[in-house]
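Asker: File protein30.csv below, CSV, C-alpha atoms and all ligand atoms:
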```csv
chain,number,residue,atom,x,y,z
N,94,MET,CA,-134.0,-55.1,-85.0
N,95,ASN,CA,-136.8,-54.5,-87.4
N,96,ALA,CA,-135.8,-54.6,-91.1
N,97,LEU,CA,-137.4,-51.3,-92.0
N,98,LEU,CA,-135.6,-49.5,-89.2
N,99,LEU,CA,-132.3,-51.0,-90.2
N,100,ALA,CA,-132.9,-49.9,-93.8
N,101,VAL,CA,-133.6,-46.4,-92.6
N,102,MET,CA,-130.4,-46.3,-90.5
N,103,LEU,CA,-128.3,-47.6,-93.4
N,104,SER,CA,-129.6,-45.1,-95.8
N,105,ALA,CA,-129.0,-42.4,-93.2
N,106,GLN,CA,-125.4,-43.5,-93.0
N,107,ASP,CA,-125.0,-43.5,-96.7
N,108,ALA,CA,-126.3,-39.9,-96.9
N,109,SER,CA,-123.9,-38.7,-94.3
N,110,VAL,CA,-120.8,-39.9,-96.2
N,111,PRO,CA,-121.0,-38.7,-99.8
N,112,PRO,CA,-118.1,-39.5,-102.1
N,113,ILE,CA,-115.4,-36.8,-102.4
N,114,ASN,CA,-116.5,-35.7,-105.8
N,115,SER,CA,-120.2,-35.7,-105.1
N,116,ALA,CA,-121.8,-32.3,-105.5
N,117,SER,CA,-124.5,-33.3,-102.9
N,118,PRO,CA,-125.8,-30.2,-101.3
N,119,ILE,CA,-124.9,-29.5,-97.7
N,120,ASP,CA,-128.5,-29.4,-96.7
N,121,ALA,CA,-129.0,-33.0,-97.8
N,122,GLU,CA,-126.3,-34.1,-95.6
N,123,SER,CA,-127.6,-32.4,-92.5
N,124,PRO,CA,-131.2,-31.0,-92.6
N,125,ILE,CA,-130.8,-29.5,-89.1
N,126,ASP,CA,-128.1,-27.2,-90.4
N,127,ALA,CA,-130.3,-25.9,-93.3
N,128,ALA,CA,-129.8,-22.2,-93.7
N,129,PRO,CA,-132.9,-19.9,-94.1
N,130,PRO,CA,-133.8,-19.0,-97.7
N,131,ILE,CA,-131.3,-16.7,-99.2
N,132,ASP,CA,-134.0,-14.3,-100.4
N,133,ALA,CA,-134.3,-13.2,-96.8
N,134,ALA,CA,-131.6,-10.7,-97.7
N,135,PRO,CA,-132.0,-9.5,-101.3
N,136,PRO,CA,-128.9,-8.0,-103.1
N,137,LEU,CA,-128.9,-4.3,-103.7
N,138,ASP,CA,-130.3,-3.3,-107.1
N,139,SER,CA,-127.2,-1.3,-107.8
N,140,GLN,CA,-124.9,-4.3,-107.4
N,141,PRO,CA,-126.3,-7.1,-109.6
N,142,ARG,CA,-122.9,-8.7,-109.9
N,143,THR,CA,-122.7,-9.4,-106.1
N,144,ALA,CA,-125.9,-11.4,-105.9
N,145,PRO,CA,-125.4,-14.2,-103.3
N,146,VAL,CA,-125.1,-17.7,-104.7
N,147,ALA,CA,-128.3,-19.6,-104.5
N,148,GLN,CA,-128.7,-22.4,-102.0
N,149,PRO,CA,-128.1,-25.3,-101.6
N,150,LEU,CA,-124.4,-25.0,-101.3
N,151,PRO,CA,-121.9,-27.8,-101.8
N,152,TRP,CA,-120.3,-29.3,-98.6
N,153,PHE,CA,-116.8,-28.8,-99.9
N,154,ALA,CA,-114.5,-25.9,-100.6
N,155,ILE,CA,-114.8,-24.9,-104.2
N,156,ALA,CA,-111.6,-24.8,-106.3
N,157,ARG,CA,-113.3,-24.0,-109.6
N,158,VAL,CA,-116.4,-24.9,-111.6
N,159,ARG,CA,-116.8,-27.0,-114.6
N,160,THR,CA,-118.5,-25.0,-117.3
N,161,HIS,CA,-118.5,-24.5,-121.0
N,162,GLN,CA,-118.8,-20.8,-120.6
N,163,PRO,CA,-115.5,-19.0,-121.4
N,164,VAL,CA,-115.3,-17.1,-118.1
N,165,VAL,CA,-112.9,-17.0,-115.2
N,166,ALA,CA,-112.8,-15.3,-111.8
N,167,LEU,CA,-109.8,-13.2,-110.8
N,168,THR,CA,-109.7,-12.8,-107.0
N,169,PHE,CA,-107.6,-10.6,-104.8
N,170,ASP,CA,-107.0,-11.2,-101.1
N,171,ALA,CA,-106.5,-8.4,-98.6
N,172,CYS,CA,-105.1,-10.3,-95.7
N,173,ALA,CA,-104.3,-8.6,-92.4
N,174,THR,CA,-104.0,-9.9,-88.8
N,175,LEU,CA,-104.1,-8.4,-85.4
N,176,LYS,CA,-100.4,-7.8,-85.6
N,177,GLN,CA,-99.8,-7.2,-89.3
N,178,ASP,CA,-101.8,-4.6,-91.1
N,179,ASN,CA,-100.2,-5.1,-94.5
N,180,GLY,CA,-101.2,-2.4,-97.1
N,181,PHE,CA,-103.1,-1.6,-100.2
N,182,ASP,CA,-101.7,-2.1,-103.7
N,183,ARG,CA,-103.1,1.0,-105.4
N,184,GLU,CA,-101.4,0.2,-108.7
N,185,VAL,CA,-103.2,-3.1,-108.9
N,186,PHE,CA,-106.5,-1.3,-108.1
N,187,ASP,CA,-105.8,1.3,-110.8
N,188,ILE,CA,-105.2,-1.4,-113.4
N,189,LEU,CA,-108.4,-3.2,-112.6
N,190,LYS,CA,-110.3,0.1,-112.5
N,191,ARG,CA,-108.9,1.1,-115.9
N,192,GLU,CA,-110.0,-2.3,-117.3
N,193,GLN,CA,-113.3,-2.3,-115.4
N,194,ILE,CA,-113.0,-6.1,-115.0
N,195,PRO,CA,-115.4,-7.7,-112.5
N,196,VAL,CA,-113.2,-9.1,-109.7
N,197,THR,CA,-113.8,-10.4,-106.2
N,198,VAL,CA,-111.8,-9.0,-103.3
N,199,PHE,CA,-111.5,-11.0,-100.1
N,200,PRO,CA,-110.6,-8.7,-97.2
N,201,THR,CA,-110.1,-9.8,-93.6
N,202,GLY,CA,-112.1,-7.8,-91.0
N,203,ARG,CA,-108.8,-6.5,-89.7
N,204,TRP,CA,-107.8,-5.2,-93.1
N,205,ILE,CA,-111.1,-3.3,-93.3
N,206,GLU,CA,-110.5,-1.8,-89.9
N,207,THR,CA,-106.9,-0.8,-90.7
N,208,HIS,CA,-107.7,0.5,-94.2
N,209,PRO,CA,-111.1,2.2,-93.7
N,210,ALA,CA,-110.7,4.7,-96.6
N,211,GLU,CA,-109.5,2.1,-99.0
N,212,ALA,CA,-112.2,-0.3,-98.0
N,213,ARG,CA,-114.8,2.3,-98.7
N,214,GLU,CA,-113.2,3.0,-102.0
N,215,LEU,CA,-113.4,-0.7,-103.0
N,216,ALA,CA,-117.0,-0.8,-101.8
N,217,ALA,CA,-117.9,2.1,-104.1
N,218,GLN,CA,-116.8,0.2,-107.2
N,219,ALA,CA,-119.7,-1.7,-108.9
N,220,TRP,CA,-117.2,-4.0,-110.6
N,221,ILE,CA,-115.9,-5.3,-107.3
N,222,ALA,CA,-117.7,-8.1,-105.4
N,223,PHE,CA,-116.7,-8.7,-101.8
N,224,GLY,CA,-115.7,-12.0,-100.2
N,225,ASN,CA,-115.2,-12.7,-96.5
N,226,HIS,CA,-111.6,-13.8,-95.6
N,227,SER,CA,-112.2,-14.2,-91.8
N,228,TYR,CA,-111.5,-11.5,-89.2
N,229,SER,CA,-107.9,-11.9,-88.2
N,230,HIS,CA,-106.7,-14.5,-90.8
N,231,ALA,CA,-107.0,-17.4,-88.5
N,232,ARG,CA,-106.7,-20.9,-89.7
N,233,MET,CA,-110.3,-21.9,-89.2
N,234,THR,CA,-109.7,-25.5,-88.6
N,235,ARG,CA,-107.4,-24.8,-85.7
N,236,ILE,CA,-109.6,-22.6,-83.5
N,237,PRO,CA,-112.7,-23.4,-81.5
N,238,ARG,CA,-115.9,-23.4,-83.5
N,239,ARG,CA,-117.4,-20.5,-81.6
N,240,LYS,CA,-114.4,-18.4,-82.5
N,241,ALA,CA,-114.5,-19.6,-86.0
N,242,ARG,CA,-118.1,-18.5,-86.3
N,243,GLU,CA,-117.2,-15.1,-85.0
N,244,GLN,CA,-114.3,-14.8,-87.5
N,245,ILE,CA,-116.9,-14.9,-90.3
N,246,ALA,CA,-119.7,-13.0,-88.6
N,247,ARG,CA,-117.5,-10.1,-87.4
N,248,THR,CA,-116.1,-9.5,-90.9
N,249,GLU,CA,-119.5,-9.9,-92.4
N,250,ALA,CA,-120.7,-7.1,-90.1
N,251,LEU,CA,-117.8,-4.9,-91.2
N,252,ILE,CA,-118.6,-5.6,-94.9
N,253,ALA,CA,-122.3,-4.7,-94.2
N,254,GLU,CA,-121.1,-1.4,-92.7
N,255,LEU,CA,-119.6,-0.7,-96.2
N,256,GLY,CA,-123.0,-1.3,-97.7
N,257,ARG,CA,-122.0,-4.7,-99.1
N,258,GLN,CA,-122.6,-8.3,-98.6
N,259,SER,CA,-120.1,-11.1,-99.2
N,260,VAL,CA,-120.6,-13.6,-102.0
N,261,ALA,CA,-118.2,-16.3,-100.6
N,262,PHE,CA,-116.0,-17.2,-97.7
N,263,ARG,CA,-112.3,-17.9,-98.3
N,264,PRO,CA,-110.6,-19.6,-95.5
N,265,PRO,CA,-107.1,-18.2,-94.7
N,266,ALA,CA,-104.2,-20.4,-96.0
N,267,GLY,CA,-106.9,-22.5,-97.6
N,268,ALA,CA,-107.4,-24.5,-94.4
N,269,TRP,CA,-110.8,-26.1,-94.6
N,270,ASN,CA,-112.8,-29.1,-93.5
N,271,ARG,CA,-116.5,-29.9,-93.6
N,272,ALA,CA,-117.1,-28.1,-90.3
N,273,VAL,CA,-115.7,-24.9,-91.7
N,274,VAL,CA,-117.7,-25.2,-94.9
N,275,ARG,CA,-120.9,-25.9,-92.9
N,276,MET,CA,-120.2,-22.9,-90.7
N,277,ALA,CA,-119.9,-20.6,-93.8
N,278,ALA,CA,-123.0,-22.1,-95.3
N,279,ARG,CA,-125.0,-21.3,-92.2
N,280,GLN,CA,-124.0,-17.7,-92.9
N,281,HIS,CA,-125.2,-18.2,-96.5
N,282,LEU,CA,-121.6,-18.2,-97.9
N,283,PRO,CA,-120.1,-20.9,-100.2
N,284,THR,CA,-116.5,-21.6,-99.3
N,285,VAL,CA,-114.3,-20.7,-102.2
N,286,GLU,CA,-110.6,-21.3,-102.8
N,287,TRP,CA,-108.8,-21.3,-106.1
N,288,ASP,CA,-107.4,-23.6,-108.8
N,289,VAL,CA,-104.8,-21.3,-110.1
N,290,ILE,CA,-102.2,-19.8,-107.8
N,291,SER,CA,-100.6,-16.7,-109.3
N,292,GLY,CA,-97.7,-17.2,-106.8
N,293,ASP,CA,-97.6,-13.5,-106.1
N,294,ALA,CA,-97.4,-13.8,-102.3
N,295,GLY,CA,-94.0,-12.9,-101.0
N,296,GLY,CA,-92.7,-11.7,-104.3
N,297,HIS,CA,-90.5,-14.7,-105.0
N,298,ILE,CA,-91.6,-15.2,-108.5
N,299,ALA,CA,-90.7,-13.0,-111.4
N,300,ALA,CA,-93.6,-11.2,-113.2
N,301,ALA,CA,-92.9,-13.1,-116.5
N,302,LYS,CA,-93.1,-16.4,-114.7
N,303,MET,CA,-96.4,-15.4,-113.0
N,304,VAL,CA,-97.8,-14.5,-116.4
N,305,ALA,CA,-96.7,-17.8,-117.9
N,306,VAL,CA,-98.0,-19.9,-115.0
N,307,VAL,CA,-101.4,-18.2,-114.9
N,308,LEU,CA,-101.9,-18.2,-118.7
N,309,ALA,CA,-100.9,-21.9,-118.9
N,310,SER,CA,-103.2,-23.1,-116.1
N,311,THR,CA,-106.3,-20.9,-116.4
N,312,LYS,CA,-109.3,-22.5,-118.2
N,313,PRO,CA,-113.0,-21.8,-118.3
N,314,GLY,CA,-114.4,-21.9,-114.8
N,315,SER,CA,-111.0,-21.2,-113.1
N,316,ILE,CA,-110.6,-19.1,-110.0
N,317,VAL,CA,-107.2,-17.3,-109.9
N,318,ILE,CA,-105.8,-16.0,-106.6
N,319,PHE,CA,-103.7,-12.8,-106.3
N,320,HIS,CA,-103.2,-10.3,-103.5
N,321,ILE,CA,-104.0,-6.6,-103.3
N,322,ASN,CA,-102.6,-5.8,-99.9
N,323,GLY,CA,-98.9,-5.3,-100.8
N,324,ARG,CA,-98.0,-9.0,-100.3
N,325,GLY,CA,-97.7,-9.4,-104.1
N,326,PRO,CA,-95.1,-6.8,-105.0
N,327,ARG,CA,-94.9,-8.0,-108.6
N,328,THR,CA,-98.7,-8.4,-109.2
N,329,LYS,CA,-98.9,-5.0,-110.8
N,330,GLU,CA,-96.2,-5.9,-113.3
N,331,ALA,CA,-97.8,-9.2,-114.2
N,332,LEU,CA,-101.5,-8.2,-114.3
N,333,PRO,CA,-101.7,-6.3,-117.6
N,334,ASP,CA,-100.1,-9.2,-119.5
N,335,ILE,CA,-102.3,-11.7,-117.6
N,336,ILE,CA,-105.5,-9.8,-118.5
N,337,ARG,CA,-104.4,-9.4,-122.1
N,338,GLY,CA,-103.4,-13.1,-122.4
N,339,LEU,CA,-106.6,-14.4,-120.9
N,340,ARG,CA,-108.6,-12.2,-123.3
N,341,ASP,CA,-106.5,-13.5,-126.2
N,342,LYS,CA,-107.5,-17.0,-125.1
N,343,GLY,CA,-111.1,-16.0,-125.5
N,344,LEU,CA,-111.8,-15.8,-121.8
N,345,GLY,CA,-113.9,-13.2,-120.1
N,346,PHE,CA,-114.0,-12.1,-116.4
N,347,VAL,CA,-116.8,-12.5,-113.9
N,348,THR,CA,-117.1,-12.3,-110.1
N,349,VAL,CA,-117.0,-15.5,-108.1
N,350,SER,CA,-120.8,-15.4,-107.6
N,351,ASP,CA,-121.4,-15.0,-111.3
N,352,LEU,CA,-119.0,-17.9,-112.0
N,353,LEU,CA,-120.8,-20.2,-109.5
N,354,GLN,CA,-124.1,-19.2,-111.2
N,355,GLN,CA,-123.2,-20.0,-114.8
N,356,PRO,CA,-126.1,-22.1,-116.1
N,357,ASP,CA,-124.0,-25.2,-116.5
N,358,ALA,CA,-121.6,-24.6,-113.5
N,359,GLU,CA,-120.7,-27.7,-111.5
N,360,PRO,CA,-118.5,-26.8,-108.5
N,361,VAL,CA,-115.3,-28.8,-108.2
N,362,SER,CA,-113.9,-29.6,-104.7
N,363,ALA,CA,-110.6,-28.0,-103.6
N,364,ARG,CA,-108.1,-30.6,-102.4
N,365,PRO,CA,-108.5,-31.4,-98.7
N,366,ALA,CA,-106.3,-29.1,-96.7
N,367,PRO,CA,-107.3,-29.3,-93.0
N,368,PHE,CA,-104.1,-27.5,-91.9
N,369,GLY,CA,-103.9,-25.2,-94.9
N,370,TRP,CA,-101.3,-24.7,-97.6
N,371,ARG,CA,-97.7,-24.3,-96.7
N,372,PRO,CA,-94.8,-23.3,-98.8
N,373,LEU,CA,-92.8,-26.3,-100.1
N,374,ARG,CA,-89.7,-25.5,-98.2
N,375,HIS,CA,-91.6,-25.6,-94.9
N,376,ARG,CA,-93.2,-29.0,-95.3
N,377,ARG,CA,-90.2,-31.1,-94.2
N,378,SER,CA,-89.6,-29.2,-91.0
N,379,GLY,CA,-93.3,-29.2,-89.9
N,380,PRO,CA,-95.3,-26.3,-88.6
N,381,LYS,CA,-93.4,-23.1,-88.0
N,382,GLU,CA,-94.2,-20.3,-85.6
N,383,ASN,CA,-95.3,-18.2,-88.6
N,384,SER,CA,-98.0,-20.7,-89.6
N,385,GLY,CA,-100.2,-20.6,-86.5
N,386,PRO,CA,-103.6,-19.2,-86.1
N,387,GLY,CA,-103.9,-15.5,-86.8
N,388,VAL,CA,-100.6,-15.2,-88.7
N,389,VAL,CA,-100.2,-14.4,-92.3
N,390,ASP,CA,-97.8,-16.9,-93.9
N,391,ASP,CA,-95.4,-15.1,-96.2
N,392,ASP,CA,-95.9,-17.5,-99.1
N,393,SER,CA,-99.2,-19.2,-98.4
N,394,PRO,CA,-101.4,-18.7,-101.4
N,395,GLY,CA,-104.5,-17.7,-99.4
N,401,ZN,ZN,-105.1,-14.5,-96.8
```
What does the file become when written as C-alpha cells?
Ligand SMILES: [Zn+2]
Answerer:
Amino acid sequence: MNALLLAVMLSAQDASVPPINSASPIDAESPIDAAPPIDAAPPLDSQPRTAPVAQPLPWFAIARVRTHQPVVALTFDACATLKQDNGFDREVFDILKREQIPVTVFPTGRWIETHPAEARELAAQAWIAFGNHSYSHARMTRIPRRKAREQIARTEALIAELGRQSVAFRPPAGAWNRAVVRMAARQHLPTVEWDVISGDAGGHIAAAKMVAVVLASTKPGSIVIFHINGRGPRTKEALPDIIRGLRDKGLGFVTVSDLLQQPDAEPVSARPAPFGWRPLRHRRSGPKENSGPGVVDDDSPG
C-alpha cells in the first residue's frame, strides 16, 4: 500500500475516535452528517433568549459548561407518554413567573398534546425557552433510528405550532449515545442533560434536602433538572429557597442556549448512559417493566 494512502487512512481513523473529553465538533467527525447552517431559521426577534446554539455542536450529551461567568440554567421537564399524561405544576410556574427567571422547559410532544392550553401559556412567556424532550418519552437508544428521528421531529413540529423553536434536545432518562447526539444535531439541536439533579421526581426527597443538595452542587455553568408536570410534588416548596440561595451565591439565571453561548463556555460531557439513568434500588435487579421505551420512570431524573 502506498505510504500516503496509509497516512490518510490512519488520520481518518484518528479523527473518528476523539477522546471522551474532547470538544471536537460533530461535523469534524463526520462531514457527511453536517447540518445546514443554523441561520436558515433565524430566531424570532421577540424571543432573543431562545436563539439556537451556533454550530458546530459537540458530539456528546452536555452535562454543564465550564465558564467563569456566574450563571446557571434551571431546567424543567414536562414528561408525558402515550399512556401517562401527567400534569402541570402551576405553583412552580407561578413562582418562576413572579421571579421572571429565564428557564428552559423540556416538554414531550405528548405533554403538549395533552396540555394544549398550558403549552400555549408557556409559549407566551418570553422568559421561557423551549427544549425538545422527544415525543413519547422513549429511551432513544433502544428504538430504531427512524423512530428516534421521528420522536424529535414530531415534537419539534408541535413546538413550532406554538410559535417556538427548541434550543436543545434532552433524551428521556438521560439515555444517550453518539447516534442520538448526531440525530439531534442533524435537527440543529445540541443534546443537553444536567449536572445537578434536584431529586424532585417521585417526591421522595424532602424540600429541605433538595434545597441543600442543589445549593451545594450548583456552580457557574451548571444545569439543574426539575419537573413541572406534577412529578415533583415538592418542587414548589423547595424552589423559592433554591432561587434565593443561588442568588446569595452570586449566581444568575440564563436559558440553556444562553448558557451554551457564554463567551468562554466549554461544554462538558455527560457521563455515558446508553441505557439511561435508573434509580439506585433498581440497579441490582436489572431492567424493570417500568423502564422500557415510552414509559416514564418514577424516579429517573430525566
Ligand atoms: Zn422526562
Asker: Give the residues close to ligand ZN 401 (chain N), within 6 Å, counting all atoms listed in the file; write them as number ranges by chain.
Answerer: N: 170, 172, 265, 395
Asker: Kindly give the distance, in Å, that separates CA of Ser350 (chain N) and CA of Val317 (chain N), rounded to a single decimal.
Answerer: 13.9 Å
Asker: Do a neighbour search on region 327-335 of chain N at 9 Å with all atoms listed in the file, toss out local chain neighbours closer than 4 positions, and write the hits as a list in words.
Answerer: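 Answer for this query is Asp182, Glu184, Val185, Phe186, Ile188, Leu189, Ser291, Asp293, Ala294, Gly296, His297, Ile298, Ala299, Ala300, Ala301, Lys302, Met303, Val304, Ala305, Val307, Leu308, Phe319, His320, Ile321, Gly323, Leu339 and Arg340 of chain N.
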Asker: Keeping only C-alpha atoms, take the residues you just selected and write them out as an mmCIF file, keeping the file's coordinate frame.
Answerer:
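Okay, this is what ended up in out-v1.cif:
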```cif
data_model
loop_
_atom_site.group_PDB
_atom_site.id
_atom_site.type_symbol
_atom_site.label_atom_id
_atom_site.label_comp_id
_atom_site.auth_asym_id
_atom_site.auth_seq_id
_atom_site.Cartn_x
_atom_site.Cartn_y
_atom_site.Cartn_z
ATOM 1 C CA ASP N 182 -101.700 -2.100 -103.700
ATOM 2 C CA GLU N 184 -101.400 0.200 -108.700
ATOM 3 C CA VAL N 185 -103.200 -3.100 -108.900
ATOM 4 C CA PHE N 186 -106.500 -1.300 -108.100
ATOM 5 C CA ILE N 188 -105.200 -1.400 -113.400
ATOM 6 C CA LEU N 189 -108.400 -3.200 -112.600
ATOM 7 C CA SER N 291 -100.600 -16.700 -109.300
ATOM 8 C CA ASP N 293 -97.600 -13.500 -106.100
ATOM 9 C CA ALA N 294 -97.400 -13.800 -102.300
ATOM 10 C CA GLY N 296 -92.700 -11.700 -104.300
ATOM 11 C CA HIS N 297 -90.500 -14.700 -105.000
ATOM 12 C CA ILE N 298 -91.600 -15.200 -108.500
ATOM 13 C CA ALA N 299 -90.700 -13.000 -111.400
ATOM 14 C CA ALA N 300 -93.600 -11.200 -113.200
ATOM 15 C CA ALA N 301 -92.900 -13.100 -116.500
ATOM 16 C CA LYS N 302 -93.100 -16.400 -114.700
ATOM 17 C CA MET N 303 -96.400 -15.400 -113.000
ATOM 18 C CA VAL N 304 -97.800 -14.500 -116.400
ATOM 19 C CA ALA N 305 -96.700 -17.800 -117.900
ATOM 20 C CA VAL N 307 -101.400 -18.200 -114.900
ATOM 21 C CA LEU N 308 -101.900 -18.200 -118.700
ATOM 22 C CA PHE N 319 -103.700 -12.800 -106.300
ATOM 23 C CA HIS N 320 -103.200 -10.300 -103.500
ATOM 24 C CA ILE N 321 -104.000 -6.600 -103.300
ATOM 25 C CA GLY N 323 -98.900 -5.300 -100.800
ATOM 26 C CA LEU N 339 -106.600 -14.400 -120.900
ATOM 27 C CA ARG N 340 -108.600 -12.200 -123.300
#
```
Asker: For region 266-277 of chain N, please output as a PDB file with C-alpha atoms, in the coordinates of the input all residues within 9 Å (counting all atoms listed in the file; exclusion window: fewer than 5 positions along the same chain).
Answerer:
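File around_13.pdb, as written:
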```
ATOM      1  CA  ILE N 119    -124.900 -29.500 -97.700  1.00  0.00           C
ATOM      2  CA  ASP N 126    -128.100 -27.200 -90.400  1.00  0.00           C
ATOM      3  CA  PRO N 151    -121.900 -27.800-101.800  1.00  0.00           C
ATOM      4  CA  TRP N 152    -120.300 -29.300 -98.600  1.00  0.00           C
ATOM      5  CA  PHE N 153    -116.800 -28.800 -99.900  1.00  0.00           C
ATOM      6  CA  ALA N 154    -114.500 -25.900-100.600  1.00  0.00           C
ATOM      7  CA  HIS N 230    -106.700 -14.500 -90.800  1.00  0.00           C
ATOM      8  CA  ALA N 231    -107.000 -17.400 -88.500  1.00  0.00           C
ATOM      9  CA  ARG N 232    -106.700 -20.900 -89.700  1.00  0.00           C
ATOM     10  CA  MET N 233    -110.300 -21.900 -89.200  1.00  0.00           C
ATOM     11  CA  THR N 234    -109.700 -25.500 -88.600  1.00  0.00           C
ATOM     12  CA  ARG N 235    -107.400 -24.800 -85.700  1.00  0.00           C
ATOM     13  CA  ARG N 238    -115.900 -23.400 -83.500  1.00  0.00           C
ATOM     14  CA  ALA N 241    -114.500 -19.600 -86.000  1.00  0.00           C
ATOM     15  CA  ARG N 242    -118.100 -18.500 -86.300  1.00  0.00           C
ATOM     16  CA  ILE N 245    -116.900 -14.900 -90.300  1.00  0.00           C
ATOM     17  CA  ALA N 261    -118.200 -16.300-100.600  1.00  0.00           C
ATOM     18  CA  LEU N 282    -121.600 -18.200 -97.900  1.00  0.00           C
ATOM     19  CA  PRO N 283    -120.100 -20.900-100.200  1.00  0.00           C
ATOM     20  CA  THR N 284    -116.500 -21.600 -99.300  1.00  0.00           C
ATOM     21  CA  VAL N 285    -114.300 -20.700-102.200  1.00  0.00           C
ATOM     22  CA  GLU N 286    -110.600 -21.300-102.800  1.00  0.00           C
ATOM     23  CA  TRP N 287    -108.800 -21.300-106.100  1.00  0.00           C
ATOM     24  CA  ALA N 363    -110.600 -28.000-103.600  1.00  0.00           C
ATOM     25  CA  PRO N 365    -108.500 -31.400 -98.700  1.00  0.00           C
ATOM     26  CA  ALA N 366    -106.300 -29.100 -96.700  1.00  0.00           C
ATOM     27  CA  PRO N 367    -107.300 -29.300 -93.000  1.00  0.00           C
ATOM     28  CA  PHE N 368    -104.100 -27.500 -91.900  1.00  0.00           C
ATOM     29  CA  GLY N 369    -103.900 -25.200 -94.900  1.00  0.00           C
ATOM     30  CA  TRP N 370    -101.300 -24.700 -97.600  1.00  0.00           C
ATOM     31  CA  ARG N 371     -97.700 -24.300 -96.700  1.00  0.00           C
ATOM     32  CA  SER N 384     -98.000 -20.700 -89.600  1.00  0.00           C
ATOM     33  CA  VAL N 389    -100.200 -14.400 -92.300  1.00  0.00           C
ATOM     34  CA  ASP N 390     -97.800 -16.900 -93.900  1.00  0.00           C
ATOM     35  CA  SER N 393     -99.200 -19.200 -98.400  1.00  0.00           C
ATOM     36  CA  PRO N 394    -101.400 -18.700-101.400  1.00  0.00           C
ATOM     37  CA  GLY N 395    -104.500 -17.700 -99.400  1.00  0.00           C
TER      38      GLY N 395
END
```
Asker: Quick check, in Å to one decimal: how far apart do CA of Arg203 (chain N) and CA of Ser229 (chain N) lie?
Answerer: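 Here the two named atoms are 5.7 Å from each other.
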Asker: Any idea what the distance is between CA of Gln354 (chain N) and CA of Trp220 (chain N)?
Answerer: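 Answer for the CA of Gln354 (chain N) to CA of Trp220 (chain N) separation: 16.7 Å.
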Asker: Which is closer to Asn225 (chain N) than all the others in N:Lys342, N:His161, N:Arg191, N:His281, using only C-alpha atoms?
Answerer: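 Checking each of N:Lys342, N:His161, N:Arg191, N:His281 against Asn225 (chain N), counting only C-alpha atoms, the winner is N:His281.
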Asker: Which residue, N:Gln280, N:Ile236, N:Arg324, N:Arg247, has the smallest gap to Ala173 (chain N) when you use only C-alpha atoms?
Answerer: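 Comparing N:Gln280, N:Ile236, N:Arg324, N:Arg247 against Ala173 (chain N), the winner is N:Arg324.
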Asker: Looking at all atoms listed in the file, which of N:Thr174, N:Thr168, N:Ala210, N:Glu192 is the one that sits closest to Gln244 (chain N)?
Answerer: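 Closest to Gln244 (chain N), using all atoms listed in the file: N:Thr174.
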Asker: Around (-114.1, -16.4, -117.0), as given in the file, which residues come within 8 Å? Count all atoms listed in the file and list them as a PDB file with C-alpha atoms, in the frame of the given file.
Answerer:
```pdb
ATOM      1  CA  GLN N 162    -118.800 -20.800-120.600  1.00  0.00           C
ATOM      2  CA  PRO N 163    -115.500 -19.000-121.400  1.00  0.00           C
ATOM      3  CA  VAL N 164    -115.300 -17.100-118.100  1.00  0.00           C
ATOM      4  CA  VAL N 165    -112.900 -17.000-115.200  1.00  0.00           C
ATOM      5  CA  ALA N 166    -112.800 -15.300-111.800  1.00  0.00           C
ATOM      6  CA  LYS N 312    -109.300 -22.500-118.200  1.00  0.00           C
ATOM      7  CA  PRO N 313    -113.000 -21.800-118.300  1.00  0.00           C
ATOM      8  CA  GLY N 314    -114.400 -21.900-114.800  1.00  0.00           C
ATOM      9  CA  SER N 315    -111.000 -21.200-113.100  1.00  0.00           C
ATOM     10  CA  LEU N 344    -111.800 -15.800-121.800  1.00  0.00           C
ATOM     11  CA  GLY N 345    -113.900 -13.200-120.100  1.00  0.00           C
ATOM     12  CA  PHE N 346    -114.000 -12.100-116.400  1.00  0.00           C
ATOM     13  CA  VAL N 347    -116.800 -12.500-113.900  1.00  0.00           C
ATOM     14  CA  LEU N 352    -119.000 -17.900-112.000  1.00  0.00           C
TER      15      LEU N 352
END
```
Asker: For region 222-224 of chain N, list every protein, DNA or RNA residue within 8 Å, evaluated using all atoms listed in the file, and leave out those in the same chain fewer than 2 positions away; present the list as a list in words.
Answerer: Arg142, Thr143, Pro195, Val196, Thr197, Val198, Phe199, Pro200, Ala216, Ala219, Trp220, His226, Ile252, Arg257, Gln258, Ser259, Val260, Ala261, Phe262, Arg263, Thr348 and Val349 of chain N
Asker: For each of N:Leu255, N:Val361, N:Gln193, N:Ala250, take the minimum atom-to-atom distance to Glu211 (chain N), counting only C-alpha atoms, then give the residue where this is smallest.
Answerer: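 The answer is N:Leu255, which sits nearest to Glu211 (chain N).
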Asker: Using all atoms listed in the file, which of the listed residues (N:Ser362, N:Gly292, N:Gly202, N:Ile194) sits closest to Ala246 (chain N)?
Answerer: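 Nearest to Ala246 (chain N): N:Gly202.
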Asker: Complete the atoms of region 269-275 of chain N to N, CA and C atoms and put them out as an mmCIF file, in the coordinates of the input.
Answerer:
```cif
data_model
loop_
_atom_site.group_PDB
_atom_site.id
_atom_site.type_symbol
_atom_site.label_atom_id
_atom_site.label_comp_id
_atom_site.auth_asym_id
_atom_site.auth_seq_id
_atom_site.Cartn_x
_atom_site.Cartn_y
_atom_site.Cartn_z
ATOM 1 N N TRP N 269 -109.356 -25.839 -94.695
ATOM 2 C CA TRP N 269 -110.800 -26.100 -94.600
ATOM 3 C C TRP N 269 -111.057 -27.550 -94.257
ATOM 4 N N ASN N 270 -112.212 -27.767 -93.676
ATOM 5 C CA ASN N 270 -112.800 -29.100 -93.500
ATOM 6 C C ASN N 270 -114.297 -28.909 -93.581
ATOM 7 N N ARG N 271 -115.015 -29.988 -93.390
ATOM 8 C CA ARG N 271 -116.500 -29.900 -93.600
ATOM 9 C C ARG N 271 -117.108 -28.981 -92.546
ATOM 10 N N ALA N 272 -116.549 -28.947 -91.348
ATOM 11 C CA ALA N 272 -117.100 -28.100 -90.300
ATOM 12 C C ALA N 272 -117.018 -26.616 -90.721
ATOM 13 N N VAL N 273 -115.898 -26.248 -91.306
ATOM 14 C CA VAL N 273 -115.700 -24.900 -91.700
ATOM 15 C C VAL N 273 -116.688 -24.523 -92.867
ATOM 16 N N VAL N 274 -116.814 -25.447 -93.810
ATOM 17 C CA VAL N 274 -117.700 -25.200 -94.900
ATOM 18 C C VAL N 274 -119.166 -25.069 -94.432
ATOM 19 N N ARG N 275 -119.531 -25.916 -93.467
ATOM 20 C CA ARG N 275 -120.900 -25.900 -92.900
ATOM 21 C C ARG N 275 -121.127 -24.539 -92.197
#
```
